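Data block below; observations after.
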Amino acid sequence: MERDKQGARLPPGGISLVKMSDVGRRLNISKRRIRQQVSAMLQKRTAYETRWKAIRDYQLPYIGYFDDRDDEQTMADRKDRHIYNSTTWQANQIFAAGVMSGLTPPSRKWFRLSFSNKELTDNSDIGKLLDQRMDIMNDVLEKSNFYTAIHSCYLELAFGQAPLGIFPDSRYGVHFTAYPVGSYAYECGPDGLVNTFVHRMKMSAQQLVDKFGRENVTQAVRDEIDNGAGVRAVHRVVWFVTPNRLAAPDKLGSIYMPFLSAYYLEESDEDEFLYLGGFEEWPVPVARYIITGNDAYGKGPGWYAEGDAKALQLMEKDLLTAVELGVKPPMQTTAETVAKGINLVPGGKTYVRQDGSVKPLFQVQTDIGDLRTEITQLEDRIKEAYNANLFMMLNEMENKTMTAREVIERNQEKMTVLGPVVQRMQYEFLSKIIERVYMILDRAQVFPQPEDPAVQEMLAQQDIKIEYISPLAQAQKVAGLTNIEQFYAFLMNLAQANPDVLDKLNFPETVNRYADMLGTPVAILRTDDEYERLQQAKAEKQAQMEQLQQAKQVADMAAPAAQAAKNAAQAAQDGNPALQQLMGADTLGYGQGG
């Protein structure tokens with residue numbers, strides 16, 4: 001959290017403005033128009049809010065925050081008055097954990113950065129630079145509250161959507177805020193993506209001063225602080241963020257950034273803002289489960305399980321009632337007996353006259369077995385709506401010794417069901433998170449810069465794309481991996497009959513494609529240039545070895561001939577006439593001359 005010159009803590013996305021009302025008037029930022037837009041968005045949300053409350057009351061009682069109810073109750077009060085069977089809550093826990101481990105597992109890398117130019121990634125050290133930046137981003141996400149915040153979002157997906165705020169943080173680099181259903185409203189732009197967001201919250205006077213600075217709050221808030229009521233006094237604050245019609249990249253100041261950010265008190269005057277600023281990127285990505293037509297709000301598992309969930313709670317209550325009636329049936333007796341007292345303790349005795357006997361008012365003959373069977377069927381349908389059975393598939397398998405191929409096939413089955421949801425989550429939610437985090441860290445100069453100016457310029461000119469390597473994303477790529485494996489196996493079998501067919505396969509490119517589909521870090525692979533240099537060095541070494549081998553063969557062949565000549569010369573010297581004649585020695589002449 002940044003601080004202004006007076007030391008006041010500031011909301012992320014801008015700098016302190018000493019006189020918010022003056023700035024608003026100077027830039028023609030109308031609080032009245034903002035209030036009208038906020039009111040219209042909250043009004044449009046009303047129809048969805050009715051369904052959200054029903055989902056909360058009968059399925060997920062501890063998720064969501066609605067002013068009309070939560071003003072009267074504290075967060076510690078029981079909110080599960082309609083809950084008699086907790087299957088829905090358990091199914092949602094399994095769903096959230098399954099999405100967490102499938103899309104954003106904390107224990108492994110779930111995304112990687114690469115260039116749109118594939119050859120650039122494979123053929124230069126700049127790909128390793130991206131891997132280094134990715135490692136820094138993963139470290140920041142791990143040390144921040146990202147994984148706890150995004151798990152809260154996955155729990156909220158049952159309602160259809162879950163927003164996640166992303167803000168700079170001086171301690172951890174980035175801070176994340178999950179917003180509970182009932183506390184926000186939003187609208188989409190012409191491209192169908194969320195581009196206007198409203199969050200209503202309650203803050204004490206002391207919190208307002210700590211966040212926005214004493215000079216930026218109303219006089220009433222300052223009076224509450226001075227009178228010692230800073231903690232008790234609660235105010236409603238509205239945060240509004242939307243595309244900025246004043247955006248001007250060539251002008252300094254957060255107020256000219258692409259997205260306008262405004263905070264104000266609901267009870268404040270028309271021209272009073274707590275804060276005005278802006279964001280470089282969209283700060284609140286929204287995860288949406290399933291979208292129908294042009295609807296801004298999504299529909300999640302809670303929508304599809306609502307009927308079964310209500311029936312389940314009713315039947316579970318009826319079952320408990322039937323069991324209780326069987327154990328403690330209503331009794332009938334005379335008024336005189338009642339006056340004397342009836343002992344209903346097991347083994348207790350009640351003394352009555354013949355006409356004052358104590359007996360059950362009626363006999364309960366409910367078939368509890370059929371009721372339990374119907375409850376089990378309702379539970380199964382709810383688990384299917386939440387995909388709980390799908391995520392628990394590996395744990396529920398009787399055969400616990402599945403092969404790696406069987407595990408892959410099970411993950412493919414998940415993708416068949418969750419494929420559209422995964423695609424939407426990656427495109428609308430996770431990509432926006434990664435882009436926002438990357439830009440925040442880049443502006444904070446957290447990433448090490450390349451020493452070579454040419455590499456730095458090349459990096460600035462390249463488009464960086466996001467690739468997902470999470471378990472669910474990998475399941476989407478399994479088909480491509482299988483195709484490569486099947487083709488390779490076919491080629492190896494064919495090569496036994498005709499080895500020349502191996503010349504058709506580009507082995508280095510096969511390795512590159514397979515590693516890319518698996519999400520293998522670039523750093524553990526040699527670049528194509530390094531590979532070519534290595535192959536050239538190996539070829540040169542092989543040529544040298546062949547030359548040495550040839551020289552050795554010549555030497556080996558020459559050695560017997562030399563030895564034979566030496567032996568022959570020695571034999572001639574020993575007086576062998578035949579050898580002497582063969583070698584051209586005239587033994588007779590030598591004899592005559594002697």
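Letters A, B, ... mark the chains of the structure tokens in the order given; residue numbers begin at 1 per chain; ligand numbers begin at 1, in order shown.
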- [ ] Excluding Lys465 (chain A) and any residue of its chain fewer than 2 positions from it, enumerate the residues within 9 Å of it, using only C-alpha atoms, and give them as a PyMOL selection string.
- [x] chain A and resi 112-116+463+467
- [ ] Quick one: everything within 6 Å of region 247-258 of chain A, counting only C-alpha atoms, minus sequence neighbours fewer than 5 positions away in the same chain. Send it as a list in words.
- [x]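 Residues near the query, excluding close chain neighbours: Gly14, Gly277, Gly278, Phe279 and Glu280 of chain A.
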Open item on the list: Quick check, in Å to one decimal: how far apart do CA of Gln550 (chain A) and CA of Glu532 (chain A) lie?
Closed with: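 Those two atoms sit 26.6 Å apart.
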TODO: Pull the alpha helix (DSSP H) assignments for region 44-110 of chain A out of DSSP run on the backbone, and list those residues as JSON, numbers by chain.
DONE: {"A": [44, 45, 46, 47, 48, 49, 50, 51, 52, 53, 54, 55, 56, 57, 58, 67, 68, 69, 70, 87, 88, 89, 90, 91, 92, 93, 94, 95, 96, 97, 98, 99, 100, 101, 102, 103]}
Region 134-150 of chain A: which residues within 6 Å, counting only C-alpha atoms, same-chain residues fewer than 3 positions away excluded, as a tab-separated table (two decimals) with C-alpha atoms, in the first residue's frame?
chain	number	residue	atom	x	y	z
A	131	ASP	CA	11.42	-18.71	-17.77
A	153	CYS	CA	-13.29	-17.49	-5.63
A	172	TYR	CA	4.66	-9.02	-1.19
A	176	PHE	CA	-5.49	-10.12	-3.91
A	178	ALA	CA	-11.96	-11.89	-3.18
Open item on the list: To one decimal place in Å, what is the distance between CA of Glu546 (chain A) and CA of Phe507 (chain A)?
Closed with: 25.1 Å
TODO: Name all residues at most 9 Å from region 188-195 of chain A (count only C-alpha atoms; drop same-chain ones fewer than 6 positions away) and give them as a list in words.
DONE: Val241, Thr242, Pro243, Phe259, Trp282, Val284, Pro285, Val286, Asn294, Asp295, Ala296 and Glu428 of chain A
Let's have the selection written as a PDB file, in the first residue's frame, with C-alpha atoms.
ATOM      1  CA  VAL A 241     -14.137   1.250 -11.520  1.00  0.00           C
ATOM      2  CA  THR A 242     -14.887   1.677 -15.228  1.00  0.00           C
ATOM      3  CA  PRO A 243     -13.170   2.527 -18.532  1.00  0.00           C
ATOM      4  CA  PHE A 259      -9.502   2.666 -16.064  1.00  0.00           C
ATOM      5  CA  TRP A 282      -8.378  -4.068 -15.569  1.00  0.00           C
ATOM      6  CA  VAL A 284     -10.915  -7.063 -11.145  1.00  0.00           C
ATOM      7  CA  PRO A 285     -10.971 -10.195 -13.325  1.00  0.00           C
ATOM      8  CA  VAL A 286     -14.220 -12.122 -12.894  1.00  0.00           C
ATOM      9  CA  ASN A 294     -25.605 -11.840 -23.334  1.00  0.00           C
ATOM     10  CA  ASP A 295     -26.074 -12.187 -19.569  1.00  0.00           C
ATOM     11  CA  ALA A 296     -23.361 -10.508 -17.538  1.00  0.00           C
ATOM     12  CA  GLU A 428     -11.542 -14.375 -18.906  1.00  0.00           C
TER      13      GLU A 428
END
Task: Given only C-alpha atoms as the counted atoms, nearest of A:Arg436, A:Met545, A:Leu472, A:Glu270 to Arg33 (chain A) - done: A:Glu270
TODO: Name all residues at most 8 Å from Phe159 (chain A) (count only C-alpha atoms; drop same-chain ones fewer than 2 positions away) and give them as a ChimeraX atom specification.
DONE: /A:52,55,156-157,161,181,298-303
Selection to disk with N, CA and C atoms, as a compact mmCIF listing (two decimals), in the first residue's frame:
# COMPACT_ATOMS: atom_id res chain seq x y z
N TRP A 52 -29.46 -15.91 -5.67
CA TRP A 52 -28.27 -16.08 -4.85
C TRP A 52 -28.64 -16.34 -3.39
N ILE A 55 -29.82 -19.91 -2.99
CA ILE A 55 -28.68 -20.84 -3.00
C ILE A 55 -27.97 -20.80 -1.66
N GLU A 156 -17.00 -19.52 -4.45
CA GLU A 156 -18.08 -18.63 -4.86
C GLU A 156 -18.62 -18.98 -6.25
N LEU A 157 -17.90 -19.78 -7.02
CA LEU A 157 -18.34 -20.12 -8.37
C LEU A 157 -19.69 -20.82 -8.39
N GLN A 161 -20.38 -16.73 -10.56
CA GLN A 161 -19.24 -15.86 -10.83
C GLN A 161 -18.49 -15.54 -9.54
N VAL A 181 -20.34 -12.79 -2.87
CA VAL A 181 -21.56 -12.55 -3.62
C VAL A 181 -22.52 -11.73 -2.77
N GLY A 298 -23.14 -15.06 -14.35
CA GLY A 298 -23.08 -16.46 -14.73
C GLY A 298 -24.04 -17.32 -13.94
N LYS A 299 -24.06 -18.57 -14.30
CA LYS A 299 -24.85 -19.58 -13.59
C LYS A 299 -23.90 -20.71 -13.23
N GLY A 300 -23.86 -21.01 -11.93
CA GLY A 300 -22.94 -22.03 -11.45
C GLY A 300 -23.65 -23.27 -10.97
N PRO A 301 -22.92 -24.20 -10.39
CA PRO A 301 -23.52 -25.46 -9.91
C PRO A 301 -24.70 -25.24 -8.97
N GLY A 302 -24.64 -24.18 -8.15
CA GLY A 302 -25.74 -23.92 -7.23
C GLY A 302 -27.07 -23.70 -7.92
N TRP A 303 -27.04 -23.11 -9.12
CA TRP A 303 -28.27 -22.89 -9.88
C TRP A 303 -28.88 -24.22 -10.30
- [ ] Would you mind telling me which residue in A:Ile375, A:Ala220, A:Leu314, A:Ile34 lies nearest to Ala205 (chain A) when using only C-alpha atoms?
- [x]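 The closest residue to Ala205 (chain A) is A:Ala220.
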Task: Pick from A:Val238, A:Leu246, A:Ala309, A:Leu430 nearest to Leu60 (chain A), counting only C-alpha atoms - done: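 Ranking A:Val238, A:Leu246, A:Ala309, A:Leu430 by distance to Leu60 (chain A), first place goes to A:Ala309.
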Open item on the list: Could you tell me how far CA of Arg51 (chain A) sits from CA of Glu187 (chain A), in Å to one decimal place?
Closed with: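 Here the two named atoms are 18.3 Å from each other.
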Open item on the list: Considering only strand (DSSP E) as DSSP defines it on the backbone, what residues of region 208-263 of chain A qualify? List them as a PyMOL selection string.
Closed with: chain A and resi 234-243+259-263
Can you spit out the residues from that selection as a PDB file, in the first residue's frame, using C-alpha atoms?
ATOM      1  CA  VAL A 234     -19.643   2.490  10.508  1.00  0.00           C
ATOM      2  CA  HIS A 235     -20.036   4.035   7.064  1.00  0.00           C
ATOM      3  CA  ARG A 236     -20.965   2.589   3.670  1.00  0.00           C
ATOM      4  CA  VAL A 237     -18.308   3.024   1.036  1.00  0.00           C
ATOM      5  CA  VAL A 238     -18.701   2.480  -2.708  1.00  0.00           C
ATOM      6  CA  TRP A 239     -15.817   1.577  -4.996  1.00  0.00           C
ATOM      7  CA  PHE A 240     -16.509   2.175  -8.680  1.00  0.00           C
ATOM      8  CA  VAL A 241     -14.137   1.250 -11.520  1.00  0.00           C
ATOM      9  CA  THR A 242     -14.887   1.677 -15.228  1.00  0.00           C
ATOM     10  CA  PRO A 243     -13.170   2.527 -18.532  1.00  0.00           C
ATOM     11  CA  PHE A 259      -9.502   2.666 -16.064  1.00  0.00           C
ATOM     12  CA  LEU A 260     -11.013   5.188 -13.647  1.00  0.00           C
ATOM     13  CA  SER A 261     -11.174   4.308  -9.943  1.00  0.00           C
ATOM     14  CA  ALA A 262     -13.437   6.262  -7.566  1.00  0.00           C
ATOM     15  CA  TYR A 263     -14.277   5.821  -3.870  1.00  0.00           C
TER      16      TYR A 263
END
Task: Nearest to Thr88 (chain A) by atom-to-atom distance, counting only C-alpha atoms, from A:Val221, A:Met100, A:Ala158, A:Leu325 - done: A:Ala158
Open item on the list: Give me, as a list in words, all polymer residues having an atom no more than 9 Å from Ile225 (chain A), counting only C-alpha atoms and skipping those fewer than 5 positions away in the same chain.
Closed with: Ala205, Gln206, Val209, Ala220, Gly230, Val231 and Ala233 of chain A
TODO: Fewer than 4 positions away in the same chain doesn't count, so skip those; otherwise give me all residues within 12 Å of Glu384 (chain A), counting only C-alpha atoms, as a ChimeraX atom specification.
DONE: /A:87-88,91-92,94-95,301-302,304-305,308,377-380,388-393,417
